[in-house]
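Printed here is upload27.cif (mmCIF, C-alpha atoms, pLDDT in the B column; chains and numbers go by the auth columns):
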```cif
data_input
loop_
_atom_site.group_PDB
_atom_site.id
_atom_site.type_symbol
_atom_site.label_atom_id
_atom_site.label_comp_id
_atom_site.label_asym_id
_atom_site.label_seq_id
_atom_site.Cartn_x
_atom_site.Cartn_y
_atom_site.Cartn_z
_atom_site.B_iso_or_equiv
_atom_site.auth_seq_id
_atom_site.auth_asym_id
ATOM 1 C CA MET A 1 5.885 20.573 -40.393 44.00 382 D
ATOM 2 C CA SER A 2 3.325 18.048 -39.130 43.00 383 D
ATOM 3 C CA ILE A 3 0.892 16.356 -41.512 40.00 384 D
ATOM 4 C CA PRO A 4 -2.045 14.442 -39.959 42.00 385 D
ATOM 5 C CA ASN A 5 -4.237 11.798 -41.540 41.00 386 D
ATOM 6 C CA VAL A 6 -7.483 10.164 -40.496 37.00 387 D
ATOM 7 C CA SER A 7 -5.917 7.080 -38.896 42.00 388 D
ATOM 8 C CA GLY A 8 -4.322 8.802 -35.901 47.00 389 D
ATOM 9 C CA ARG A 9 -0.927 8.993 -37.556 49.00 390 D
ATOM 10 C CA PHE A 10 1.164 12.097 -38.142 46.00 391 D
ATOM 11 C CA SER A 11 4.131 12.754 -40.379 47.00 392 D
ATOM 12 C CA ARG A 12 6.714 15.386 -39.523 47.00 393 D
ATOM 13 C CA VAL A 13 9.134 16.587 -42.186 48.00 394 D
ATOM 14 C CA LEU A 14 12.550 17.870 -41.074 50.00 395 D
ATOM 15 C CA LEU A 15 15.624 19.181 -42.857 53.00 396 D
ATOM 16 C CA LEU A 16 19.027 18.831 -41.210 57.00 397 D
ATOM 17 C CA GLY A 17 21.820 20.773 -42.842 54.00 398 D
ATOM 18 C CA GLY A 18 22.819 24.179 -44.106 54.00 399 D
ATOM 19 C CA THR A 19 25.246 26.138 -41.986 49.00 400 D
ATOM 20 C CA SER A 20 26.219 24.663 -38.639 45.00 401 D
ATOM 21 C CA GLU A 21 24.578 27.564 -36.810 45.00 402 D
ATOM 22 C CA ILE A 22 21.210 27.050 -38.492 45.00 403 D
ATOM 23 C CA GLY A 23 21.340 23.264 -38.149 46.00 404 D
ATOM 24 C CA LEU A 24 22.159 23.406 -34.455 43.00 405 D
ATOM 25 C CA ALA A 25 19.420 25.981 -33.915 44.00 406 D
ATOM 26 C CA ILE A 26 16.909 23.610 -35.519 46.00 407 D
ATOM 27 C CA LEU A 27 17.950 20.771 -33.221 46.00 408 D
ATOM 28 C CA SER A 28 17.845 23.060 -30.195 45.00 409 D
ATOM 29 C CA SER A 29 14.389 24.401 -31.041 45.00 410 D
ATOM 30 C CA LEU A 30 13.062 20.867 -31.393 46.00 411 D
ATOM 31 C CA HIS A 31 14.673 19.771 -28.113 45.00 412 D
ATOM 32 C CA LEU A 32 15.891 16.786 -30.139 44.00 413 D
ATOM 33 C CA ASP A 33 12.469 15.204 -29.651 51.00 414 D
ATOM 34 C CA PRO A 34 10.085 16.349 -32.422 54.00 415 D
ATOM 35 C CA GLY A 35 8.145 13.097 -32.600 56.00 416 D
ATOM 36 C CA ALA A 36 7.322 13.177 -28.891 62.00 417 D
ATOM 37 C CA GLU A 37 6.003 16.736 -29.218 67.00 418 D
ATOM 38 C CA VAL A 38 3.635 15.704 -31.999 65.00 419 D
ATOM 39 C CA ILE A 39 2.412 12.578 -30.201 64.00 420 D
ATOM 40 C CA LEU A 40 1.744 14.370 -26.904 69.00 421 D
ATOM 41 C CA ALA A 41 -0.105 17.171 -28.708 71.00 422 D
ATOM 42 C CA GLY A 42 -2.126 14.634 -30.697 66.00 423 D
ATOM 43 C CA ARG A 43 -3.079 12.703 -27.570 68.00 424 D
ATOM 44 C CA GLU A 44 -4.198 15.883 -25.839 71.00 425 D
ATOM 45 C CA ALA A 45 -6.247 17.078 -28.814 69.00 426 D
ATOM 46 C CA SER A 46 -7.915 13.750 -29.626 66.00 427 D
ATOM 47 C CA GLY A 47 -8.154 12.104 -26.212 70.00 428 D
ATOM 48 C CA ARG A 48 -6.701 8.964 -27.789 70.00 429 D
ATOM 49 C CA LYS A 49 -3.567 7.060 -26.849 68.00 430 D
ATOM 50 C CA ASP A 50 -3.012 5.301 -30.178 70.00 431 D
ATOM 51 C CA ILE A 51 -1.311 8.299 -31.813 71.00 432 D
ATOM 52 C CA ARG A 52 1.685 7.518 -33.970 75.00 433 D
ATOM 53 C CA CYS A 53 4.173 9.818 -35.700 75.00 434 D
ATOM 54 C CA THR A 54 6.558 9.301 -38.595 78.00 435 D
ATOM 55 C CA ILE A 55 9.537 11.641 -38.861 76.00 436 D
ATOM 56 C CA SER A 56 10.857 12.076 -42.410 79.00 437 D
ATOM 57 C CA ILE A 57 14.338 13.583 -42.418 79.00 438 D
ATOM 58 C CA GLY A 58 16.587 14.762 -45.209 78.00 439 D
ATOM 59 C CA GLY A 59 19.879 16.600 -45.346 83.00 440 D
ATOM 60 C CA PHE A 60 19.297 20.176 -46.459 88.00 441 D
ATOM 61 C CA VAL A 61 20.435 20.843 -50.024 92.00 442 D
ATOM 62 C CA PRO A 62 20.758 24.550 -50.946 93.00 443 D
ATOM 63 C CA LYS A 63 19.174 25.365 -54.307 95.00 444 D
ATOM 64 C CA PRO A 64 19.631 28.145 -56.887 95.00 445 D
ATOM 65 C CA HIS A 65 17.292 31.143 -56.893 94.00 446 D
ATOM 66 C CA THR A 66 16.653 30.802 -53.148 93.00 447 D
ATOM 67 C CA PRO A 67 18.072 32.750 -50.198 93.00 448 D
ATOM 68 C CA PHE A 68 20.212 29.687 -49.383 94.00 449 D
ATOM 69 C CA GLN A 69 22.054 29.627 -52.698 96.00 450 D
ATOM 70 C CA TRP A 70 25.086 31.163 -50.927 96.00 451 D
ATOM 71 C CA THR A 71 25.188 28.860 -47.916 94.00 452 D
ATOM 72 C CA ALA A 72 27.688 26.107 -47.200 94.00 453 D
ATOM 73 C CA GLN A 73 26.089 22.687 -47.272 93.00 454 D
ATOM 74 C CA CYS A 74 26.830 20.399 -44.330 91.00 455 D
ATOM 75 C CA ASP A 75 29.344 17.648 -44.886 92.00 456 D
ATOM 76 C CA PRO A 76 28.087 14.037 -44.643 92.00 457 D
ATOM 77 C CA ASP A 77 29.675 13.395 -41.232 92.00 458 D
ATOM 78 C CA THR A 78 27.865 16.376 -39.686 90.00 459 D
ATOM 79 C CA VAL A 79 24.499 15.336 -41.119 88.00 460 D
ATOM 80 C CA ASP A 80 24.967 11.742 -39.973 89.00 461 D
ATOM 81 C CA SER A 81 25.968 12.938 -36.484 88.00 462 D
ATOM 82 C CA ARG A 82 22.753 14.952 -36.206 84.00 463 D
ATOM 83 C CA LEU A 83 20.730 11.972 -37.372 84.00 464 D
ATOM 84 C CA ARG A 84 22.307 9.824 -34.650 85.00 465 D
ATOM 85 C CA LYS A 85 21.439 12.423 -32.006 83.00 466 D
ATOM 86 C CA LEU A 86 17.863 12.528 -33.217 79.00 467 D
ATOM 87 C CA ARG A 87 17.558 8.718 -33.153 80.00 468 D
ATOM 88 C CA GLU A 88 18.993 8.654 -29.631 82.00 469 D
ATOM 89 C CA ALA A 89 16.486 11.266 -28.489 78.00 470 D
ATOM 90 C CA VAL A 90 13.573 9.375 -30.048 76.00 471 D
ATOM 91 C CA ASN A 91 14.653 6.096 -28.428 79.00 472 D
ATOM 92 C CA SER A 92 15.380 7.645 -25.024 78.00 473 D
ATOM 93 C CA ASP A 93 11.727 7.374 -23.979 73.00 474 D
ATOM 94 C CA ARG A 94 10.523 3.857 -24.690 75.00 475 D
ATOM 95 C CA GLY A 95 6.935 4.776 -23.943 71.00 476 D
ATOM 96 C CA LEU A 96 6.931 7.233 -26.817 70.00 477 D
ATOM 97 C CA GLY A 97 9.743 5.864 -28.955 72.00 478 D
ATOM 98 C CA ARG A 98 7.808 2.785 -30.042 75.00 479 D
ATOM 99 C CA ASN A 99 5.162 5.100 -31.511 76.00 480 D
ATOM 100 C CA ILE A 100 7.669 7.096 -33.546 76.00 481 D
ATOM 101 C CA GLY A 101 8.933 5.912 -36.913 77.00 482 D
ATOM 102 C CA MET A 102 11.895 7.457 -38.714 79.00 483 D
ATOM 103 C CA ARG A 103 12.571 7.710 -42.422 80.00 484 D
ATOM 104 C CA TYR A 104 15.793 9.392 -43.427 80.00 485 D
ATOM 105 C CA HIS A 105 18.540 9.761 -45.989 79.00 486 D
ATOM 106 C CA ASP A 106 22.116 9.941 -44.794 84.00 487 D
ATOM 107 C CA GLY A 107 24.488 12.749 -45.672 89.00 488 D
ATOM 108 C CA LYS A 108 26.343 11.282 -48.646 93.00 489 D
ATOM 109 C CA PRO A 109 23.489 11.302 -51.220 93.00 490 D
ATOM 110 C CA SER A 110 22.662 14.865 -50.134 92.00 491 D
ATOM 111 C CA VAL A 111 26.169 16.060 -50.992 95.00 492 D
ATOM 112 C CA ILE A 112 25.917 14.615 -54.491 96.00 493 D
ATOM 113 C CA GLU A 113 22.507 16.235 -54.899 94.00 494 D
ATOM 114 C CA GLY A 114 24.159 19.487 -53.821 95.00 495 D
ATOM 115 C CA LEU A 115 26.836 19.059 -56.482 97.00 496 D
ATOM 116 C CA LEU A 116 24.179 18.610 -59.169 96.00 497 D
ATOM 117 C CA SER A 117 22.068 21.469 -57.801 96.00 498 D
ATOM 118 C CA ARG A 118 24.725 24.187 -57.674 96.00 499 D
ATOM 119 C CA GLY A 119 27.373 22.929 -60.059 96.00 500 D
ATOM 120 C CA ASP A 120 28.255 24.610 -63.340 96.00 501 D
ATOM 121 C CA ARG A 121 28.950 23.099 -66.745 95.00 502 D
ATOM 122 C CA ARG A 122 32.193 21.560 -65.458 97.00 503 D
ATOM 123 C CA VAL A 123 30.086 19.058 -63.518 97.00 504 D
ATOM 124 C CA GLY A 124 28.911 17.606 -66.827 97.00 505 D
ATOM 125 C CA LYS A 125 32.207 15.750 -67.131 97.00 506 D
ATOM 126 C CA VAL A 126 31.683 14.275 -63.670 97.00 507 D
ATOM 127 C CA ILE A 127 28.224 12.992 -64.620 97.00 508 D
ATOM 128 C CA GLU A 128 29.598 11.472 -67.822 97.00 509 D
ATOM 129 C CA ARG A 129 32.427 9.756 -65.938 97.00 510 D
ATOM 130 C CA VAL A 130 30.021 8.306 -63.361 97.00 511 D
ATOM 131 C CA TRP A 131 27.838 6.976 -66.166 96.00 512 D
ATOM 132 C CA SER A 132 30.862 5.470 -67.927 96.00 513 D
ATOM 133 C CA ALA A 133 31.846 3.785 -64.652 96.00 514 D
ATOM 134 C CA GLY A 134 28.456 2.075 -64.444 94.00 515 D
ATOM 135 C CA GLY A 135 26.359 4.601 -62.557 94.00 516 D
ATOM 136 C CA ARG A 136 22.651 3.920 -63.131 92.00 517 D
ATOM 137 C CA PHE A 137 19.517 4.712 -61.095 91.00 518 D
ATOM 138 C CA ASP A 138 21.564 6.474 -58.409 89.00 519 D
ATOM 139 C CA GLY A 139 18.379 7.824 -56.860 86.00 520 D
ATOM 140 C CA TRP A 140 17.883 4.311 -55.471 87.00 521 D
ATOM 141 C CA SER A 141 20.056 3.534 -52.453 87.00 522 D
ATOM 142 C CA GLU A 142 20.877 0.031 -53.674 91.00 523 D
ATOM 143 C CA HIS A 143 22.449 1.493 -56.825 92.00 524 D
ATOM 144 C CA PHE A 144 24.037 4.603 -55.332 94.00 525 D
ATOM 145 C CA SER A 145 27.827 4.646 -54.901 95.00 526 D
ATOM 146 C CA TYR A 146 29.229 7.668 -53.103 95.00 527 D
ATOM 147 C CA GLU A 147 32.779 6.513 -53.804 97.00 528 D
ATOM 148 C CA ARG A 148 32.089 6.415 -57.554 97.00 529 D
ATOM 149 C CA TRP A 149 30.947 10.042 -57.481 97.00 530 D
ATOM 150 C CA VAL A 150 33.900 11.142 -55.331 97.00 531 D
ATOM 151 C CA ASP A 151 36.384 9.397 -57.630 97.00 532 D
ATOM 152 C CA ALA A 152 34.790 10.961 -60.707 97.00 533 D
ATOM 153 C CA ALA A 153 34.800 14.419 -59.105 97.00 534 D
ATOM 154 C CA ASP A 154 38.458 14.086 -58.143 97.00 535 D
ATOM 155 C CA ALA A 155 39.407 12.972 -61.636 97.00 536 D
ATOM 156 C CA GLU A 156 37.474 15.636 -63.539 97.00 537 D
ATOM 157 C CA LEU A 157 37.404 18.652 -61.222 97.00 538 D
ATOM 158 C CA THR A 158 40.884 18.667 -59.658 97.00 539 D
ATOM 159 C CA PRO A 159 42.672 19.496 -62.969 96.00 540 D
ATOM 160 C CA LEU A 160 40.272 22.468 -63.280 96.00 541 D
ATOM 161 C CA GLY A 161 41.191 23.856 -59.878 96.00 542 D
ATOM 162 C CA VAL A 162 37.888 23.050 -58.166 97.00 543 D
ATOM 163 C CA SER A 163 36.502 20.130 -56.187 97.00 544 D
ATOM 164 C CA LEU A 164 33.390 18.448 -54.811 97.00 545 D
ATOM 165 C CA ALA A 165 33.753 20.517 -51.627 96.00 546 D
ATOM 166 C CA TRP A 166 34.172 23.714 -53.650 97.00 547 D
ATOM 167 C CA PHE A 167 30.703 23.243 -55.136 97.00 548 D
ATOM 168 C CA THR A 168 28.978 22.005 -51.964 96.00 549 D
ATOM 169 C CA THR A 169 30.429 22.762 -48.519 95.00 550 D
ATOM 170 C CA ARG A 170 31.882 26.168 -49.407 95.00 551 D
ATOM 171 C CA GLU A 171 29.984 29.345 -48.521 95.00 552 D
ATOM 172 C CA ARG A 172 29.701 31.949 -51.284 95.00 553 D
ATOM 173 C CA ASP A 173 30.066 35.688 -50.743 94.00 554 D
ATOM 174 C CA GLU A 174 27.573 38.290 -51.864 94.00 555 D
ATOM 175 C CA HIS A 175 29.352 39.316 -55.046 94.00 556 D
ATOM 176 C CA GLU A 176 30.366 35.905 -56.385 95.00 557 D
ATOM 177 C CA VAL A 177 29.076 35.279 -59.899 95.00 558 D
ATOM 178 C CA LEU A 178 26.855 32.210 -59.646 96.00 559 D
ATOM 179 C CA PRO A 179 26.390 29.733 -62.526 95.00 560 D
ATOM 180 C CA TRP A 180 22.667 30.539 -62.799 95.00 561 D
ATOM 181 C CA ASP A 181 22.908 34.332 -62.624 94.00 562 D
ATOM 182 C CA HIS A 182 22.094 34.611 -66.331 93.00 563 D
ATOM 183 C CA LEU A 183 18.699 32.946 -65.690 91.00 564 D
ATOM 184 C CA ASP A 184 15.808 35.088 -64.480 87.00 565 D
ATOM 185 C CA SER A 185 13.459 33.416 -61.993 85.00 566 D
ATOM 186 C CA GLY A 186 11.685 36.682 -61.221 83.00 567 D
ATOM 187 C CA LEU A 187 13.403 37.189 -57.851 84.00 568 D
ATOM 188 C CA ASP A 188 15.888 39.997 -57.397 87.00 569 D
ATOM 189 C CA LYS A 189 19.300 38.760 -56.296 92.00 570 D
ATOM 190 C CA GLU A 190 19.625 41.674 -53.843 91.00 571 D
ATOM 191 C CA TRP A 191 16.366 40.654 -52.167 89.00 572 D
ATOM 192 C CA LEU A 192 17.499 37.033 -51.908 92.00 573 D
ATOM 193 C CA TRP A 193 20.729 38.153 -50.231 94.00 574 D
ATOM 194 C CA ALA A 194 18.804 40.273 -47.730 92.00 575 D
ATOM 195 C CA ASP A 195 16.527 37.311 -46.996 91.00 576 D
ATOM 196 C CA TRP A 196 19.610 35.117 -46.467 91.00 577 D
ATOM 197 C CA GLN A 197 20.946 37.600 -43.920 93.00 578 D
ATOM 198 C CA ASP A 198 17.567 37.516 -42.152 90.00 579 D
ATOM 199 C CA ALA A 199 17.791 33.718 -42.038 88.00 580 D
ATOM 200 C CA LEU A 200 21.229 33.893 -40.429 88.00 581 D
ATOM 201 C CA ALA A 201 19.831 36.298 -37.856 88.00 582 D
ATOM 202 C CA GLY A 202 16.857 34.027 -37.176 85.00 583 D
ATOM 203 C CA GLN A 203 14.308 36.556 -38.420 86.00 584 D
ATOM 204 C CA GLU A 204 11.094 35.189 -39.892 82.00 585 D
ATOM 205 C CA GLN A 205 9.713 36.622 -43.118 78.00 586 D
ATOM 206 C CA ASP A 206 6.163 37.935 -42.893 80.00 587 D
ATOM 207 C CA ASP A 207 3.474 36.858 -45.342 79.00 588 D
ATOM 208 C CA CYS A 208 3.396 39.539 -48.035 78.00 589 D
ATOM 209 C CA ARG A 209 -0.342 39.047 -48.555 75.00 590 D
ATOM 210 C CA TRP A 210 -0.970 40.845 -45.281 77.00 591 D
ATOM 211 C CA THR A 211 2.028 43.195 -45.077 78.00 592 D
ATOM 212 C CA PRO A 212 3.547 45.879 -47.291 78.00 593 D
ATOM 213 C CA CYS A 213 5.366 44.682 -50.406 79.00 594 D
ATOM 214 C CA PHE A 214 8.916 43.388 -49.821 77.00 595 D
ATOM 215 C CA ASP A 215 9.887 44.284 -53.398 77.00 596 D
ATOM 216 C CA CYS A 216 11.186 40.784 -54.117 80.00 597 D
ATOM 217 C CA GLY A 217 10.602 41.316 -57.841 76.00 598 D
ATOM 218 C CA VAL A 218 8.136 38.517 -58.584 76.00 599 D
ATOM 219 C CA CYS A 219 4.905 40.441 -59.050 78.00 600 D
ATOM 220 C CA PRO A 220 6.083 43.104 -61.534 72.00 601 D
ATOM 221 C CA SER A 221 8.325 40.748 -63.514 68.00 602 D
ATOM 222 C CA MET A 222 5.904 37.808 -63.670 68.00 603 D
ATOM 223 C CA GLY A 223 2.699 39.808 -64.087 71.00 604 D
ATOM 224 C CA THR A 224 1.094 38.280 -61.002 71.00 605 D
ATOM 225 C CA ASP A 225 -1.281 39.736 -58.452 70.00 606 D
ATOM 226 C CA ILE A 226 -1.446 38.800 -54.794 66.00 607 D
ATOM 227 C CA GLN A 227 -4.847 37.321 -53.911 63.00 608 D
ATOM 228 C CA ILE A 228 -5.865 38.209 -50.366 59.00 609 D
ATOM 229 C CA GLY A 229 -9.361 36.771 -50.350 56.00 610 D
ATOM 230 C CA PRO A 230 -11.830 34.521 -52.180 58.00 611 D
ATOM 231 C CA THR A 231 -11.821 35.013 -55.942 60.00 612 D
ATOM 232 C CA GLY A 232 -15.309 33.622 -56.488 62.00 613 D
ATOM 233 C CA ARG A 233 -13.942 30.738 -58.558 63.00 614 D
ATOM 234 C CA THR A 234 -14.209 27.085 -57.504 58.00 615 D
ATOM 235 C CA LEU A 235 -10.813 25.596 -58.270 55.00 616 D
ATOM 236 C CA LEU A 236 -11.315 22.103 -56.882 56.00 617 D
ATOM 237 C CA PRO A 237 -14.300 19.973 -55.871 56.00 618 D
ATOM 238 C CA ILE A 238 -14.264 20.367 -52.093 53.00 619 D
ATOM 239 C CA THR A 239 -17.524 18.623 -51.197 56.00 620 D
ATOM 240 C CA PRO A 240 -16.800 15.965 -48.532 54.00 621 D
ATOM 241 C CA VAL A 241 -17.189 12.433 -49.850 49.00 622 D
#
```

Would you mind writing the file out in structure tokens?
Amino acid sequence: MSIPNVSGRFSRVLLLGGTSEIGLAILSSLHLDPGAEVILAGREASGRKDIRCTISIGGFVPKPHTPFQWTAQCDPDTVDSRLRKLREAVNSDRGLGRNIGMRYHDGKPSVIEGLLSRGDRRVGKVIERVWSAGGRFDGWSEHFSYERWVDAADAELTPLGVSLAWFTTRERDEHEVLPWDHLDSGLDKEWLWADWQDALAGQEQDDCRWTPCFDCGVCPSMGTDIQIGPTGRTLLPITPV
């Protein structure tokens, strides 16, 4: 996704992770050079040479109530390897590379986020142990300790027969009971599974505003209606300043 602003700069947001097949397909589709694509397109559209691009990259973290709730998260080494390949591709063309900035998070914080995203109540003991060991403000890189989280997970989860990898880098099957199954987000679990299979097959999902209903479950359960045109209401002041 590319986000322009008025100063001739673009931001492109990427996610590296998920299953190896999907992650490699993303890299292949981008030709490992997403910043160059944006800059060349911007130069052609604007006629200017001072076009810059910032690539913001994060390891993909599967979340509950999404089609990716079953997928195996990438391990930190795989994510970091893909980041290195992307940096090498950006720096391979010096004429374009100096106009491309990169902001990224490495794979280790993403794995811990994955543990917190798809863990069950057993992870509570891990969080408490990290806190007792001095964990504070772990969202900030200068305070984050991957080793502290790994040690806490080993200490608290191993006696229970599970592990950090069990919650993160393991793929779930269709009929596994998930920790959040008792919560209703409005989406049918069967529809999410079908959408996950479409993702594995590389099939895009059409916009349901313009196509027949996919029967995902949101509209009837949440009492919502799909708006396919102007409603006549002014929601925001849109007069140019």

Expansion of the PyMOL selection byres ((chain D and resi 445-455) around 7) into residues, as a list in words: Gly398, Gly399, Thr400, Val442, Pro443, Lys444, Asp456, Pro457, Thr459, Val460, Arg499, Thr549, Thr550, Arg551, Glu552, Arg553, Asp554, Ser566, Leu573, Trp574, Asp576 and Trp577 of chain D

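Atom pair CA of Glu557 in chain D / CA of Gly598 in chain D: separated by 20.5 Å.
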
Expected selection from the PyMOL selection byres ((chain D and resi 519-534) around 8), given as number ranges by chain: D: 489-490, 493, 504, 507-508, 510-511, 514, 516-518, 535-539, 544-545

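Evaluated on this file, the PyMOL selection byres ((chain D and resi 468) around 12) matches Leu413, Asp414, Pro415, Gly416, Ala417, Ile436, Ser437, Ile438, Asp461, Ser462, Arg463, Leu464, Arg465, Lys466, Leu467, Glu469, Ala470, Val471, Asn472, Ser473, Asp474, Gly478, Arg479, Ile481, Gly482, Met483, Arg484 and Tyr485 of chain D.
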
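For the atom pair formed by CA of Gly505 in chain D and CA of Leu568 in chain D, the distance is 26.5 Å, given to one decimal.
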
Selected residue, from D:Asp431, D:Glu585, D:Asp458, D:Glu555, that lies nearest to Asp487 in chain D when counting all atoms listed in the file: D:Asp458

Point-to-point distance from CA of Gln578 in chain D to CA of Phe441 in chain D, Å rounded to tenths: 17.7 Å
